[in-house]
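Colleague: Sending over protein_26.pdb (PDB, C-alpha atoms).
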```pdb
ATOM      1  CA  MET W   1      12.219 -13.460  -9.250
ATOM      2  CA  ASN W   2      15.252 -15.712  -8.844
ATOM      3  CA  LYS W   3      17.662 -15.611  -5.956
ATOM      4  CA  LEU W   4      20.269 -13.602  -7.783
ATOM      5  CA  THR W   5      17.740 -10.965  -8.767
ATOM      6  CA  ARG W   6      16.434 -10.812  -5.251
ATOM      7  CA  ARG W   7      19.876 -10.353  -3.799
ATOM      8  CA  THR W   8      20.775  -7.695  -6.320
ATOM      9  CA  PHE W   9      17.545  -5.918  -5.609
ATOM     10  CA  LEU W  10      18.082  -6.161  -1.908
ATOM     11  CA  GLY W  11      21.607  -4.904  -2.100
ATOM     12  CA  SER W  12      21.056  -1.893  -4.264
ATOM     13  CA  SER W  13      18.017   0.112  -5.053
ATOM     14  CA  ALA W  14      15.371  -1.414  -2.796
ATOM     15  CA  PHE W  15      16.056   0.394   0.418
ATOM     16  CA  LEU W  16      16.897   3.706  -1.153
ATOM     17  CA  SER W  17      13.822   3.591  -3.260
ATOM     18  CA  VAL W  18      11.526   2.734  -0.364
ATOM     19  CA  ALA W  19      13.146   5.237   1.947
ATOM     20  CA  GLY W  20      12.991   7.914  -0.694
ATOM     21  CA  VAL W  21       9.396   7.333  -1.557
ATOM     22  CA  PHE W  22       8.220   7.336   1.985
ATOM     23  CA  GLY W  23      10.296  10.227   3.161
ATOM     24  CA  PHE W  24      12.072   8.405   5.937
ATOM     25  CA  MET W  25      15.480   9.677   4.843
ATOM     26  CA  PRO W  26      15.854  13.230   6.099
ATOM     27  CA  ALA W  27      18.041  14.194   3.152
ATOM     28  CA  LEU W  28      15.499  12.954   0.658
ATOM     29  CA  SER W  29      12.481  14.368   2.435
ATOM     30  CA  LYS W  30      14.051  17.791   2.054
ATOM     31  CA  SER W  31      14.318  17.421  -1.692
ATOM     32  CA  ARG W  32      10.981  15.919  -2.612
ATOM     33  CA  GLN W  33      11.262  16.982  -6.212
ATOM     34  CA  LYS W  34      14.019  14.438  -6.699
ATOM     35  CA  LYS W  35      12.050  11.425  -5.542
ATOM     36  CA  LYS W  36      10.663   8.828  -7.890
ATOM     37  CA  ASN W  37       7.039   8.914  -8.898
ATOM     38  CA  MET W  38       6.041   5.641  -7.264
ATOM     39  CA  PHE W  39       3.073   3.825  -8.735
ATOM     40  CA  VAL W  40       0.785   2.106  -6.217
ATOM     41  CA  HIS W  41      -1.547  -0.562  -7.613
ATOM     42  CA  HIS W  42      -4.075  -1.833  -5.076
ATOM     43  CA  VAL W  43      -6.573  -4.500  -6.087
ATOM     44  CA  TYR W  44      -9.424  -5.796  -3.926
ATOM     45  CA  PHE W  45     -11.030  -9.100  -4.866
ATOM     46  CA  TRP W  46     -14.575 -10.198  -4.076
ATOM     47  CA  LEU W  47     -15.039 -13.952  -4.469
ATOM     48  CA  LYS W  48     -17.907 -15.656  -6.255
ATOM     49  CA  ASN W  49     -18.043 -17.945  -3.243
ATOM     50  CA  PRO W  50     -17.175 -15.565  -0.432
ATOM     51  CA  ASP W  51     -17.493 -18.261   2.213
ATOM     52  CA  SER W  52     -15.170 -20.693   0.480
ATOM     53  CA  ALA W  53     -11.869 -20.885   2.310
ATOM     54  CA  ALA W  54     -10.641 -23.125  -0.492
ATOM     55  CA  ASP W  55     -11.356 -20.512  -3.153
ATOM     56  CA  LYS W  56      -9.660 -17.845  -1.092
ATOM     57  CA  ALA W  57      -6.598 -20.036  -0.626
ATOM     58  CA  LYS W  58      -6.595 -20.768  -4.350
ATOM     59  CA  LEU W  59      -6.665 -17.068  -5.202
ATOM     60  CA  ILE W  60      -3.821 -16.396  -2.788
ATOM     61  CA  GLU W  61      -1.897 -19.210  -4.429
ATOM     62  CA  GLY W  62      -2.400 -17.467  -7.745
ATOM     63  CA  LEU W  63      -1.312 -14.093  -6.420
ATOM     64  CA  ASN W  64       1.847 -15.645  -5.086
ATOM     65  CA  THR W  65       2.764 -16.737  -8.617
ATOM     66  CA  LEU W  66       2.706 -13.066  -9.647
ATOM     67  CA  LYS W  67       5.576 -12.273  -7.308
ATOM     68  CA  ALA W  68       7.871 -13.743  -9.950
ATOM     69  CA  ILE W  69       7.323 -10.643 -12.079
ATOM     70  CA  LYS W  70      10.457  -8.619 -11.612
ATOM     71  CA  GLN W  71       8.896  -5.218 -12.259
ATOM     72  CA  ILE W  72       7.169  -5.500  -8.870
ATOM     73  CA  LYS W  73       9.113  -3.569  -6.244
ATOM     74  CA  LEU W  74       6.994  -4.481  -3.244
ATOM     75  CA  ALA W  75       4.033  -6.824  -2.894
ATOM     76  CA  HIS W  76       1.605  -7.492  -0.065
ATOM     77  CA  ILE W  77      -1.240  -9.998   0.029
ATOM     78  CA  GLY W  78      -3.826  -9.145   2.660
ATOM     79  CA  VAL W  79      -7.185 -10.117   4.063
ATOM     80  CA  PRO W  80      -9.586  -7.814   5.905
ATOM     81  CA  ALA W  81      -8.422  -6.867   9.382
ATOM     82  CA  SER W  82     -10.750  -7.179  12.341
ATOM     83  CA  THR W  83     -11.251  -3.402  12.513
ATOM     84  CA  ASN W  84     -14.879  -2.546  11.961
ATOM     85  CA  ARG W  85     -16.032   1.043  11.643
ATOM     86  CA  GLU W  86     -18.687   2.447   9.361
ATOM     87  CA  VAL W  87     -16.148   3.771   6.844
ATOM     88  CA  ILE W  88     -14.289   0.465   6.598
ATOM     89  CA  GLU W  89     -14.964  -1.773   3.597
ATOM     90  CA  ARG W  90     -14.773  -5.369   4.757
ATOM     91  CA  GLY W  91     -16.623  -7.237   2.021
ATOM     92  CA  TYR W  92     -13.629  -8.095  -0.119
ATOM     93  CA  ALA W  93     -11.818 -11.395   0.314
ATOM     94  CA  VAL W  94      -8.248 -10.554  -0.646
ATOM     95  CA  SER W  95      -6.161  -7.405  -1.003
ATOM     96  CA  TRP W  96      -3.287  -7.334  -3.498
ATOM     97  CA  LEU W  97      -1.019  -4.338  -3.081
ATOM     98  CA  LEU W  98       1.880  -3.607  -5.396
ATOM     99  CA  PHE W  99       4.478  -0.886  -5.756
ATOM    100  CA  PHE W 100       6.168  -0.115  -9.044
ATOM    101  CA  ASP W 101       8.845   2.437  -9.817
ATOM    102  CA  ASN W 102       6.579   4.074 -12.353
ATOM    103  CA  GLN W 103       3.539   3.479 -14.548
ATOM    104  CA  GLN W 104       5.582   1.978 -17.357
ATOM    105  CA  GLN W 105       6.700  -0.817 -15.030
ATOM    106  CA  GLN W 106       3.088  -1.440 -14.083
ATOM    107  CA  ASP W 107       2.137  -1.596 -17.748
ATOM    108  CA  VAL W 108       4.768  -4.275 -18.289
ATOM    109  CA  TYR W 109       3.297  -6.191 -15.344
ATOM    110  CA  GLN W 110      -0.222  -6.008 -16.793
ATOM    111  CA  GLU W 111       0.897  -7.595 -20.050
ATOM    112  CA  HIS W 112       3.410  -9.981 -18.517
ATOM    113  CA  PRO W 113       2.809 -13.641 -19.482
ATOM    114  CA  VAL W 114       2.762 -14.623 -15.801
ATOM    115  CA  HIS W 115       0.002 -12.084 -15.171
ATOM    116  CA  LEU W 116      -2.011 -13.135 -18.208
ATOM    117  CA  LYS W 117      -1.688 -16.747 -17.072
ATOM    118  CA  PHE W 118      -2.897 -15.760 -13.622
ATOM    119  CA  VAL W 119      -6.016 -14.131 -15.060
ATOM    120  CA  GLU W 120      -6.635 -17.158 -17.252
ATOM    121  CA  ASN W 121      -6.275 -19.600 -14.385
ATOM    122  CA  TYR W 122      -7.875 -17.750 -11.499
ATOM    123  CA  ALA W 123     -10.401 -15.231 -12.845
ATOM    124  CA  HIS W 124     -13.204 -17.767 -12.420
ATOM    125  CA  LEU W 125     -12.789 -17.353  -8.659
ATOM    126  CA  TRP W 126     -13.715 -13.698  -8.373
ATOM    127  CA  GLU W 127     -16.989 -11.930  -8.891
ATOM    128  CA  LYS W 128     -15.652  -8.385  -8.731
ATOM    129  CA  VAL W 129     -12.405  -6.492  -8.475
ATOM    130  CA  ILE W 130     -11.885  -2.869  -7.629
ATOM    131  CA  VAL W 131      -8.537  -1.354  -8.542
ATOM    132  CA  TYR W 132      -7.051   1.845  -7.176
ATOM    133  CA  ASP W 133      -3.978   3.069  -9.056
ATOM    134  CA  SER W 134      -2.224   6.039  -7.558
ATOM    135  CA  VAL W 135       0.930   8.038  -8.003
ATOM    136  CA  ASP W 136       2.750  10.436  -5.708
ATOM    137  CA  ALA W 137       0.627  13.425  -4.791
TER     138      ALA W 137
ATOM    139  CA  MET M   1       9.112  12.041  14.144
ATOM    140  CA  ASN M   2      12.295  13.866  14.995
ATOM    141  CA  LYS M   3      15.600  13.413  13.257
ATOM    142  CA  LEU M   4      16.980  11.105  15.853
ATOM    143  CA  THR M   5      13.984   8.838  15.641
ATOM    144  CA  ARG M   6      14.156   8.840  11.902
ATOM    145  CA  ARG M   7      17.807   7.930  11.913
ATOM    146  CA  THR M   8      17.300   5.245  14.481
ATOM    147  CA  PHE M   9      14.407   3.895  12.487
ATOM    148  CA  LEU M  10      16.410   4.006   9.308
ATOM    149  CA  GLY M  11      19.352   2.287  10.860
ATOM    150  CA  SER M  12      17.587  -0.581  12.471
ATOM    151  CA  SER M  13      14.239  -2.143  11.905
ATOM    152  CA  ALA M  14      12.952  -0.325   8.830
ATOM    153  CA  PHE M  15      14.671  -2.285   6.147
ATOM    154  CA  LEU M  16      14.352  -5.631   7.835
ATOM    155  CA  SER M  17      10.720  -5.088   8.457
ATOM    156  CA  VAL M  18       9.960  -4.051   4.893
ATOM    157  CA  ALA M  19      12.076  -6.782   3.433
ATOM    158  CA  GLY M  20      10.519  -9.329   5.723
ATOM    159  CA  VAL M  21       6.984  -8.336   5.007
ATOM    160  CA  PHE M  22       7.414  -8.283   1.303
ATOM    161  CA  GLY M  23       9.476 -11.394   1.065
ATOM    162  CA  PHE M  24      12.450  -9.850  -0.671
ATOM    163  CA  MET M  25      14.897 -11.481   1.693
ATOM    164  CA  PRO M  26      15.383 -15.060   0.563
ATOM    165  CA  ALA M  27      15.964 -16.253   4.116
ATOM    166  CA  LEU M  28      12.749 -14.686   5.330
ATOM    167  CA  SER M  29      10.677 -15.734   2.374
ATOM    168  CA  LYS M  30      11.525 -19.300   3.268
ATOM    169  CA  SER M  31      10.187 -18.904   6.766
ATOM    170  CA  ARG M  32       6.993 -16.998   6.228
ATOM    171  CA  GLN M  33       5.554 -18.089   9.508
ATOM    172  CA  LYS M  34       8.104 -15.956  11.291
ATOM    173  CA  LYS M  35       7.246 -12.681   9.608
ATOM    174  CA  LYS M  36       5.329  -9.917  11.297
ATOM    175  CA  ASN M  37       1.630  -9.530  10.727
ATOM    176  CA  MET M  38       1.817  -6.199   8.914
ATOM    177  CA  PHE M  39      -1.242  -3.990   9.111
ATOM    178  CA  VAL M  40      -2.076  -2.067   5.938
ATOM    179  CA  HIS M  41      -4.414   0.912   6.346
ATOM    180  CA  HIS M  42      -5.510   2.429   3.035
ATOM    181  CA  VAL M  43      -7.847   5.425   3.020
ATOM    182  CA  TYR M  44      -9.390   7.013  -0.075
ATOM    183  CA  PHE M  45     -10.799  10.524   0.222
ATOM    184  CA  TRP M  46     -13.538  12.043  -1.911
ATOM    185  CA  LEU M  47     -13.652  15.843  -1.638
ATOM    186  CA  LYS M  48     -16.754  17.953  -1.136
ATOM    187  CA  ASN M  49     -15.356  20.157  -3.886
ATOM    188  CA  PRO M  50     -13.735  17.600  -6.167
ATOM    189  CA  ASP M  51     -12.598  20.248  -8.629
ATOM    190  CA  SER M  52     -10.876  22.397  -6.036
ATOM    191  CA  ALA M  53      -7.115  22.135  -6.366
ATOM    192  CA  ALA M  54      -6.849  24.268  -3.238
ATOM    193  CA  ASP M  55      -8.918  21.829  -1.176
ATOM    194  CA  LYS M  56      -6.902  18.919  -2.439
ATOM    195  CA  ALA M  57      -3.653  20.686  -1.560
ATOM    196  CA  LYS M  58      -5.064  21.495   1.856
ATOM    197  CA  LEU M  59      -5.952  17.868   2.503
ATOM    198  CA  ILE M  60      -2.488  16.772   1.444
ATOM    199  CA  GLU M  61      -1.036  19.369   3.792
ATOM    200  CA  GLY M  62      -3.077  17.790   6.573
ATOM    201  CA  LEU M  63      -1.984  14.274   5.714
ATOM    202  CA  ASN M  64       1.614  15.367   5.809
ATOM    203  CA  THR M  65       1.157  16.418   9.435
ATOM    204  CA  LEU M  66       0.203  12.819  10.254
ATOM    205  CA  LYS M  67       3.652  11.600   9.254
ATOM    206  CA  ALA M  68       4.850  12.831  12.637
ATOM    207  CA  ILE M  69       3.091   9.892  14.276
ATOM    208  CA  LYS M  70       5.850   7.485  15.058
ATOM    209  CA  GLN M  71       3.752   4.328  14.939
ATOM    210  CA  ILE M  72       3.586   4.722  11.147
ATOM    211  CA  LYS M  73       6.159   2.496   9.484
ATOM    212  CA  LEU M  74       5.591   3.603   5.903
ATOM    213  CA  ALA M  75       3.337   6.285   4.446
ATOM    214  CA  HIS M  76       2.377   7.169   0.901
ATOM    215  CA  ILE M  77       0.163  10.031  -0.257
ATOM    216  CA  GLY M  78      -1.207   9.444  -3.741
ATOM    217  CA  VAL M  79      -3.568  10.791  -6.355
ATOM    218  CA  PRO M  80      -5.293   8.766  -9.069
ATOM    219  CA  ALA M  81      -2.947   7.592 -11.791
ATOM    220  CA  SER M  82      -3.800   8.107 -15.436
ATOM    221  CA  THR M  83      -4.677   4.436 -15.909
ATOM    222  CA  ASN M  84      -8.297   4.044 -16.889
ATOM    223  CA  ARG M  85      -9.935   0.658 -17.180
ATOM    224  CA  GLU M  86     -13.432  -0.342 -16.199
ATOM    225  CA  VAL M  87     -12.326  -1.902 -12.920
ATOM    226  CA  ILE M  88     -10.327   1.136 -11.844
ATOM    227  CA  GLU M  89     -11.858   3.519  -9.318
ATOM    228  CA  ARG M  90     -10.747   7.040 -10.211
ATOM    229  CA  GLY M  91     -13.289   9.209  -8.412
ATOM    230  CA  TYR M  92     -11.364   9.732  -5.202
ATOM    231  CA  ALA M  93      -9.107  12.749  -4.776
ATOM    232  CA  VAL M  94      -6.385  11.480  -2.476
ATOM    233  CA  SER M  95      -5.043   8.112  -1.378
ATOM    234  CA  TRP M  96      -3.468   7.740   2.063
ATOM    235  CA  LEU M  97      -1.618   4.463   2.516
ATOM    236  CA  LEU M  98      -0.022   3.433   5.784
ATOM    237  CA  PHE M  99       1.814   0.417   7.100
ATOM    238  CA  PHE M 100       1.930  -0.470  10.759
ATOM    239  CA  ASP M 101       3.709  -3.302  12.489
ATOM    240  CA  ASN M 102       0.417  -4.572  13.846
ATOM    241  CA  GLN M 103      -3.141  -3.562  14.629
ATOM    242  CA  GLN M 104      -2.241  -2.239  18.066
ATOM    243  CA  GLN M 105       0.061   0.311  16.475
ATOM    244  CA  GLN M 106      -2.738   1.374  14.161
ATOM    245  CA  ASP M 107      -5.059   1.748  17.114
ATOM    246  CA  VAL M 108      -2.561   4.090  18.754
ATOM    247  CA  TYR M 109      -2.446   6.105  15.530
ATOM    248  CA  GLN M 110      -6.242   6.397  15.413
ATOM    249  CA  GLU M 111      -6.363   7.916  18.883
ATOM    250  CA  HIS M 112      -3.150   9.931  18.570
ATOM    251  CA  PRO M 113      -3.600  13.671  19.307
ATOM    252  CA  VAL M 114      -2.031  14.534  15.951
ATOM    253  CA  HIS M 115      -4.603  12.355  14.191
ATOM    254  CA  LEU M 116      -7.523  13.738  16.180
ATOM    255  CA  LYS M 117      -6.296  17.246  15.367
ATOM    256  CA  PHE M 118      -6.120  16.317  11.694
ATOM    257  CA  VAL M 119      -9.738  15.155  11.709
ATOM    258  CA  GLU M 120     -10.796  18.291  13.533
ATOM    259  CA  ASN M 121      -8.997  20.600  11.122
ATOM    260  CA  TYR M 122      -9.514  18.889   7.789
ATOM    261  CA  ALA M 123     -12.681  16.761   7.919
ATOM    262  CA  HIS M 124     -14.703  19.610   6.470
ATOM    263  CA  LEU M 125     -12.868  19.041   3.190
ATOM    264  CA  TRP M 126     -14.073  15.537   2.451
ATOM    265  CA  GLU M 127     -17.453  14.186   1.544
ATOM    266  CA  LYS M 128     -16.640  10.508   1.852
ATOM    267  CA  VAL M 129     -13.848   8.205   2.880
ATOM    268  CA  ILE M 130     -13.485   4.524   2.235
ATOM    269  CA  VAL M 131     -11.022   2.611   4.366
ATOM    270  CA  TYR M 132      -9.527  -0.787   3.640
ATOM    271  CA  ASP M 133      -7.654  -2.336   6.565
ATOM    272  CA  SER M 134      -5.852  -5.541   5.830
ATOM    273  CA  VAL M 135      -3.439  -7.915   7.472
ATOM    274  CA  ASP M 136      -1.169 -10.570   6.030
ATOM    275  CA  ALA M 137      -3.096 -13.309   4.254
TER     276      ALA M 137
END
```
Go through the file and emit its structure as structure tokens.
Modeller:
Amino acid sequence: MNKLTRRTFLGSSAFLSVAGVFGFMPALSKSRQKKKNMFVHHVYFWLKNPDSAADKAKLIEGLNTLKAIKQIKLAHIGVPASTNREVIERGYAVSWLLFFDNQQQQDVYQEHPVHLKFVENYAHLWEKVIVYDSVDA
Amino acid sequence: MNKLTRRTFLGSSAFLSVAGVFGFMPALSKSRQKKKNMFVHHVYFWLKNPDSAADKAKLIEGLNTLKAIKQIKLAHIGVPASTNREVIERGYAVSWLLFFDNQQQQDVYQEHPVHLKFVENYAHLWEKVIVYDSVDA
């Protein structure tokens, strides 16, 4: 995403879209049927070498390259928090959370050359991924 | 969250915080070390009666009550998308995704009366939950 795109994004649809999706605008929360059908793509990565800080850093480096894909509306790279209850899954190394405006945008992302390159260059690092794709309830 | 709070939220920190976290503001993306340590709390619910549309609707009703908790910065209620690859988990009924400014805010949410009431009133609906808590990588 270049600077111009970022600024355009920032100045126009970003806030409205986020506010609409999450119901923080009173006007929009009263007319839910008009909101977009946001697509949430959440990927959890388990590393082949779970104790390798270098491999984790490398994977994060790779995920950062994906942020160039303009179909992504919001992206968050995470690592397990220190919370620790029975229901909490803490075995993964990296969380990769994306928001798209709809499934079609996510499909474009999946086939995007930058994404294919990422898989080619970084897939050797992970042993397992679990993906949760969800849309507005 | 009352109207005033919502408006205040909308008018002040909401956009900056989202933009900062996700790196959509060029200025902020250049100074990552200054961004907040966002806390992402993602819960997936499996129902006792996975085929019951009524139970699913009931659970979603319950989750909507949680949106009154003001520590929540962003909330998204989802259901599995139609995507279907081997790595995609599709067995859950409802996805509950929250953003907090930090872990302390999430801790307040966990012990909030509205949350405790939710567990009391709706826990009979689910068979299993998996929680992924993550913080900025």
Colleague: Would you list the contacts of Phe45 of chain M as a PyMOL selection string, taking every protein, DNA or RNA residue within 10 Å and counting only C-alpha atoms, but skipping same-chain residues closer than 6 positions in sequence?
Modeller: chain M and resi 56+59+79+91-96+125-131
Colleague: Please save C-alpha atoms of the selected residues as a PDB file, in the coordinates of the input.
Modeller:
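Below is the file that was written, out_28.pdb:
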```pdb
ATOM      1  CA  LYS M  56      -6.902  18.919  -2.439  1.00  0.00           C
ATOM      2  CA  LEU M  59      -5.952  17.868   2.503  1.00  0.00           C
ATOM      3  CA  VAL M  79      -3.568  10.791  -6.355  1.00  0.00           C
ATOM      4  CA  GLY M  91     -13.289   9.209  -8.412  1.00  0.00           C
ATOM      5  CA  TYR M  92     -11.364   9.732  -5.202  1.00  0.00           C
ATOM      6  CA  ALA M  93      -9.107  12.749  -4.776  1.00  0.00           C
ATOM      7  CA  VAL M  94      -6.385  11.480  -2.476  1.00  0.00           C
ATOM      8  CA  SER M  95      -5.043   8.112  -1.378  1.00  0.00           C
ATOM      9  CA  TRP M  96      -3.468   7.740   2.063  1.00  0.00           C
ATOM     10  CA  LEU M 125     -12.868  19.041   3.190  1.00  0.00           C
ATOM     11  CA  TRP M 126     -14.073  15.537   2.451  1.00  0.00           C
ATOM     12  CA  GLU M 127     -17.453  14.186   1.544  1.00  0.00           C
ATOM     13  CA  LYS M 128     -16.640  10.508   1.852  1.00  0.00           C
ATOM     14  CA  VAL M 129     -13.848   8.205   2.880  1.00  0.00           C
ATOM     15  CA  ILE M 130     -13.485   4.524   2.235  1.00  0.00           C
ATOM     16  CA  VAL M 131     -11.022   2.611   4.366  1.00  0.00           C
TER      17      VAL M 131
END
```
Colleague: With a cut-off of 6 Å and counting only C-alpha atoms, select all residues of chain W in contact with chain M and give the selection as a PyMOL selection string.
Modeller: chain W and resi 22+74-75+77-81+87-89+130-137
Colleague: Running the PyMOL selection byres ((chain W and resi 118) around 12) on this model by hand, what would come out? Give it as a list in words.
Modeller: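 Evaluating the PyMOL selection byres ((chain W and resi 118) around 12) on these coordinates yields Lys58, Leu59, Ile60, Glu61, Gly62, Leu63, Asn64, Thr65, Leu66, Lys67, Ala68, Ile69, Tyr109, Gln110, Glu111, His112, Pro113, Val114, His115, Leu116, Lys117, Val119, Glu120, Asn121, Tyr122, Ala123, His124 and Leu125 of chain W.
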Colleague: Please, what distance in Å, to one decimal, runs between atom CA of Gln71 of chain W and atom CA of Phe100 of chain W?
Modeller: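 So the two atoms, atom CA of Gln71 of chain W and atom CA of Phe100 of chain W, lie 6.6 Å apart.
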Colleague: For segment 91-96 of chain M, I'd like the enclosing box, axis-aligned and padded by 8 Å on every side, reported as AutoDock Vina command-line options with centre and edge lengths in Å to one decimal.
Modeller:
```
--center_x -8.4 --center_y 10.2 --center_z -3.2 --size_x 25.8 --size_y 21.0 --size_z 26.5
```
Colleague: Which distance in Å separates atom CA of Ile72 of chain M and atom CA of Trp46 of chain M, to one decimal?
Modeller: 22.7 Å
